[in-house]
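Engineer: Below is the structure I would like to discuss, written out as structure tokens.
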Amino acid sequence: MSPGQPASPSTPTPAPAQEQPQPDGHGHEHDHEGQNHEGHDHEGHGPKGHGHGHHRATPWPEARALAARAGAGARAAADRPPVRVPLGRALGRTLAEPLRALTDLPSFDSSAMDGWALAGPGPWTVREESVLAGHAGAAVLAPGEAVRIATGARVPTGATAVLRTEHSRTEHLRDEGPAPSAGTVLLHPLREVVPGQDIRPRGQECRAGDELLPAGSVVTPAVLGLAAAAGYDEPAVLPRPRVEVLVLGDELLSSGLPHDGLIRDALGPMLGPWLTALGAEVLAVRRIGDDAGALYEAVTGSAAELVLTTGGTAAGPVDHVHRVLDEAGATLLVDGVKVRPGHPMLLARLDAGRHLVGLPGNPLAAVSGLLTLAAPLLAAGAAGAADIAGIAEPETVPLREAVQGHPYDTRLVPVVCRDGSAVPLHYNGPAMLRGIAAADGMAVVPPGGAEPGHRLEVLALPWPTATPPAQGACFT
Ligand SMILES: Nc1nc2c(c(=O)[nH]1)N[C@H]1C(S)=C(S)[C@@H](COP(=O)(O)OP(=O)(O)OC[C@H]3O[C@@H](n4cnc5c(N)ncnc54)[C@H](O)[C@@H]3O)O[C@H]1N2
Ligand code: MOO
């Protein structure tokens, strides 16, 4: 099988050999890139002579931590105030302040059932009007009186309980009876009436000023409902980090089929929505080509706190990112990471509060850079408190089958989670998106690999995973 040629989707065999690091250095794409595992060039970008070789590559856990620190620092430097957004645009945002009730809930004593509001012991004389939800309440009920009431309606002053329709019986006194009761309707209970029954007292759920949710909570649909009930029109949320994506490469097409050595841009369509899902405000996704001047202008002129570039991180003839960063006076915080795929990824500080993450051009390598550098940076930048590292408590999942490791570097491998185990997916080569598109997450495989049962950290993807278990991921 030639490199890049996938195994049959239905073959329940191990991943294509060329996508598994081979410690013996044969038959694997990475080993062609990373040649000599015993020598000093195993990071792979040494031979290209940029001077940003293996000695600078950062171990994967450290790279993530550095990115999170950079994000927290950027947030502190930018010091952007919270913003008020209408409820209709608040979904997914992070509360900048505790959500405090602006009203008692319920805000008045209300009926929990359709039936009768009544005062004192029965039977009761029925008053002619009724009390509907959303309307002003009936006048004061005197002892011995009852009035029709709807669920949610304000309970009249003087009412001592609500009687459900189905627990009541009415008796129409004859019109020709003795004068005061002629035509009267009497209400009888069909079961014992307990004082206060089926009345929701004002403030049962909360009093005005109570903290309903802490600052830092994510606004979910349920939070939107609670905020509305509690009186909010425009909750205060944290500003979203602004991000701009610069897609490099003259070989990229925006539509149609690949032809004449040109290929479709897979990263432009993927990164904008992915960054949005990570909580960023995406200012633009721009194609820059392989033009160093245009890249310099775009990087130095960007209004974003985080600029992401794709491609151009290695040392090919048109790989401009390092040079442009140098010219822009940027400081490289991470220049290569000991991770496969994606080892040429980089993180640079452009100025106080502004960073650039350089994602490698190979699409899964770009995903690796996104998860390793951009996600922790954004998470820490969005967190409400400086002490939140931007790296959540790792979720670890036992492996269902062995995964080969790289001899020195961490590997990120797309997995599906089935019956509590992580199942590695094929098509995990640096240029492939087929595995990640079917994945529930990316397993973090330590150098040397992992055996079945070994618990691995699984990096979550920022969306609900959708592959149907029965038919999906048939290439595990
Ligand atoms: N001599 C060496 N060559 C390479 C090394 C190395 O260490 N020594 N590292 C390899 C690794 S690993 C990666 S990853 C890539 C990183 O390359 P760049 O970041 O400079 O990216 P490009 O060269 O521009 O592109 C690489 C590859 O990806 C394709 N690509 C780029 N952008 C897109 C896109 N938006 N959508 C789809 N595909 C894209 C591009 O056509 C190339 O095939 O370098 C290796 N080389
Ligand atoms: O393997 Mo490269 O690391 O494709 O990113």
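In the structure tokens, chains take letters A, B, ... by order of appearance, with residues numbered from 1 within each chain and ligands from 1 in the order shown.
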Taking only C-alpha atoms and all ligand atoms into account, which residues have an atom no farther than 8 Å from ligand 2? I'd like them as an MDAnalysis selection string.

Structural biologist: chainID A and resid 29:30 33 339:345 360:366 368 429:431

Engineer: So which residues of range 206-409 of chain A fall under helix (DSSP H, G or I) by DSSP, listed as number ranges by chain?

Structural biologist: A: 221-229, 267-277, 292-301, 321-327, 363-382

Engineer: Would you list the contacts of Asp233 in chain A as an MDAnalysis selection string, taking every protein, DNA or RNA residue within 12 Å and counting only C-alpha atoms, but skipping same-chain residues closer than 5 positions in sequence?

Structural biologist: chainID A and resid 84:90 102 224:228

Engineer: Please produce a file of the residues just selected, as a PDB file, in the first residue's frame, where the atoms kept are N, CA and C atoms.

Structural biologist:
ATOM      1  N   ARG A  84     -22.845  43.687  27.454  1.00  0.00           N
ATOM      2  CA  ARG A  84     -24.227  43.249  27.610  1.00  0.00           C
ATOM      3  C   ARG A  84     -24.749  42.859  26.241  1.00  0.00           C
ATOM      4  N   VAL A  85     -25.298  41.667  26.159  1.00  0.00           N
ATOM      5  CA  VAL A  85     -25.841  41.218  24.870  1.00  0.00           C
ATOM      6  C   VAL A  85     -27.288  40.794  25.073  1.00  0.00           C
ATOM      7  N   PRO A  86     -28.130  41.057  24.070  1.00  0.00           N
ATOM      8  CA  PRO A  86     -29.522  40.605  24.173  1.00  0.00           C
ATOM      9  C   PRO A  86     -29.567  39.086  24.347  1.00  0.00           C
ATOM     10  N   LEU A  87     -30.581  38.615  25.062  1.00  0.00           N
ATOM     11  CA  LEU A  87     -30.689  37.173  25.308  1.00  0.00           C
ATOM     12  C   LEU A  87     -30.567  36.367  24.021  1.00  0.00           C
ATOM     13  N   GLY A  88     -31.140  36.892  22.948  1.00  0.00           N
ATOM     14  CA  GLY A  88     -31.140  36.163  21.678  1.00  0.00           C
ATOM     15  C   GLY A  88     -29.755  35.936  21.116  1.00  0.00           C
ATOM     16  N   ARG A  89     -28.761  36.675  21.634  1.00  0.00           N
ATOM     17  CA  ARG A  89     -27.395  36.489  21.130  1.00  0.00           C
ATOM     18  C   ARG A  89     -26.446  36.007  22.225  1.00  0.00           C
ATOM     19  N   ALA A  90     -26.997  35.574  23.343  1.00  0.00           N
ATOM     20  CA  ALA A  90     -26.134  35.242  24.486  1.00  0.00           C
ATOM     21  C   ALA A  90     -25.768  33.761  24.559  1.00  0.00           C
ATOM     22  N   LEU A 102     -33.496  39.203  39.431  1.00  0.00           N
ATOM     23  CA  LEU A 102     -33.931  40.599  39.455  1.00  0.00           C
ATOM     24  C   LEU A 102     -35.333  40.717  40.032  1.00  0.00           C
ATOM     25  N   LEU A 224     -30.585  30.588  29.354  1.00  0.00           N
ATOM     26  CA  LEU A 224     -31.358  31.657  28.699  1.00  0.00           C
ATOM     27  C   LEU A 224     -32.761  31.724  29.286  1.00  0.00           C
ATOM     28  N   GLY A 225     -33.371  30.557  29.474  1.00  0.00           N
ATOM     29  CA  GLY A 225     -34.721  30.515  30.040  1.00  0.00           C
ATOM     30  C   GLY A 225     -34.745  31.054  31.459  1.00  0.00           C
ATOM     31  N   LEU A 226     -33.783  30.626  32.263  1.00  0.00           N
ATOM     32  CA  LEU A 226     -33.729  31.082  33.652  1.00  0.00           C
ATOM     33  C   LEU A 226     -33.500  32.591  33.716  1.00  0.00           C
ATOM     34  N   ALA A 227     -32.579  33.086  32.864  1.00  0.00           N
ATOM     35  CA  ALA A 227     -32.280  34.520  32.871  1.00  0.00           C
ATOM     36  C   ALA A 227     -33.527  35.325  32.494  1.00  0.00           C
ATOM     37  N   ALA A 228     -34.257  34.831  31.497  1.00  0.00           N
ATOM     38  CA  ALA A 228     -35.480  35.531  31.093  1.00  0.00           C
ATOM     39  C   ALA A 228     -36.491  35.526  32.238  1.00  0.00           C
TER      40      ALA A 228
END

Engineer: Excluding range 145-161 of chain A and residues on its chain fewer than 2 positions from it, collect all residues at most 6 Å away from it, counting only C-alpha atoms, and give them as a list in words.

Structural biologist: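 Close residues of range 145-161 of chain A: Asp109, Ser110, Ser111, Ala112, Met113, Asp114, Gly115, Trp116, Ala117, Leu118, Ala119, Trp124, Thr125, Val126, Arg127, Ser130, Val131, Leu132, Ala133, Gly137, Ala138, Val140, Leu141, Ala142, Pro143, Pro195, Gly196 and Gln197 of chain A.
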
Engineer: Please provide as JSON, numbers by chain all residues within 12 Å of Ser255 in chain A, with the sequence filter that same-chain residues fewer than 6 positions apart are discarded (counting only C-alpha atoms).

Structural biologist: {"A": [262, 263, 264, 265, 266, 268, 269]}

Engineer: Would you save the residues from that selection as a PDB file, in the first residue's frame, using C-alpha atoms?

Structural biologist:
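The resulting file, part-v9.pdb, is shown below:
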ATOM      1  CA  LEU A 262      -4.167  22.176  -7.032  1.00  0.00           C
ATOM      2  CA  ILE A 263      -6.152  20.923  -4.021  1.00  0.00           C
ATOM      3  CA  ARG A 264      -9.179  22.108  -2.086  1.00  0.00           C
ATOM      4  CA  ASP A 265      -8.598  24.326   0.945  1.00  0.00           C
ATOM      5  CA  ALA A 266      -9.762  22.050   3.766  1.00  0.00           C
ATOM      6  CA  GLY A 268     -10.621  27.594   5.716  1.00  0.00           C
ATOM      7  CA  PRO A 269     -14.036  25.908   5.944  1.00  0.00           C
TER       8      PRO A 269
END

Engineer: Could you list, as an NGL selection string, every residue within 7 Å of Gly441 in chain A, counting only C-alpha atoms and ignoring same-chain residues fewer than 6 positions away?

Structural biologist: :A and (414-416 or 458-461)

Engineer: Please produce an output containing C-alpha atoms for each residue in the selection, written as a CSV table (one decimal), in the first residue's frame.

Structural biologist:
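Result written to out_4.csv:
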chain,number,residue,atom,x,y,z
A,414,PRO,CA,-8.6,10.3,16.6
A,415,VAL,CA,-10.7,7.9,18.7
A,416,VAL,CA,-14.3,6.9,19.1
A,458,VAL,CA,-8.9,12.1,25.4
A,459,LEU,CA,-9.2,15.7,24.2
A,460,ALA,CA,-12.8,16.6,23.6
A,461,LEU,CA,-14.1,18.1,20.4

Engineer: Give me, as a PyMOL selection string, all polymer residues having an atom no more than 9 Å from range 202-214 of chain A, counting only C-alpha atoms and skipping those fewer than 5 positions away in the same chain.

Structural biologist: chain A and resi 95-110+223+226-227+230

Engineer: Nearest to Thr331 in chain A: which of A:Leu267, A:Ala70, A:Ile436, A:Leu295 is it, counting only C-alpha atoms?

Structural biologist: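 The shortest atom-to-atom distance to Thr331 in chain A comes from A:Ala70.
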
Engineer: Could you list, with a cut-off of 9 Å and counting only C-alpha atoms, the residues of range 333-375 of chain A near range 322-326 of chain A, each shown with its nearest atom pair and the distance in Å rounded to one decimal, rows sorted by chain and ascending number, as a Markdown table?

Structural biologist:
| residue | atom | partner | partner_atom | distance |
| --- | --- | --- | --- | --- |
| A:Ala348 | CA | A:Leu325 | CA | 7.7 |
| A:Leu350 | CA | A:Leu325 | CA | 7.9 |
| A:Leu356 | CA | A:Leu325 | CA | 8.9 |

Engineer: For the residues in the current selection, export N, CA and C atoms as a PDB file, in the first residue's frame.

Structural biologist:
ATOM      1  N   ALA A 348       3.597  32.439  18.892  1.00  0.00           N
ATOM      2  CA  ALA A 348       4.417  33.644  19.028  1.00  0.00           C
ATOM      3  C   ALA A 348       3.596  34.742  19.681  1.00  0.00           C
ATOM      4  N   LEU A 350       2.883  38.512  19.577  1.00  0.00           N
ATOM      5  CA  LEU A 350       3.066  39.620  18.632  1.00  0.00           C
ATOM      6  C   LEU A 350       3.326  40.913  19.396  1.00  0.00           C
ATOM      7  N   LEU A 356       0.095  34.835  17.922  1.00  0.00           N
ATOM      8  CA  LEU A 356      -0.104  34.135  16.650  1.00  0.00           C
ATOM      9  C   LEU A 356       0.169  32.656  16.882  1.00  0.00           C
TER      10      LEU A 356
END

Engineer: What separation in Å, quoted to one decimal, exists between CA of Val83 in chain A and CA of Ala304 in chain A?

Structural biologist: 17.3 Å

Engineer: Under the rule that only C-alpha atoms and all ligand atoms are counted, which of A:Pro61, A:Pro241, A:Pro258, A:Pro82 is the nearest residue to ligand 1?

Structural biologist: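 Of all the options, A:Pro258 lies closest to ligand 1.
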
Engineer: So how many Å separate CA of Ser254 in chain A and CA of Leu425 in chain A, to one decimal?

Structural biologist: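 Distance reported for this atom pair: 28.1 Å.
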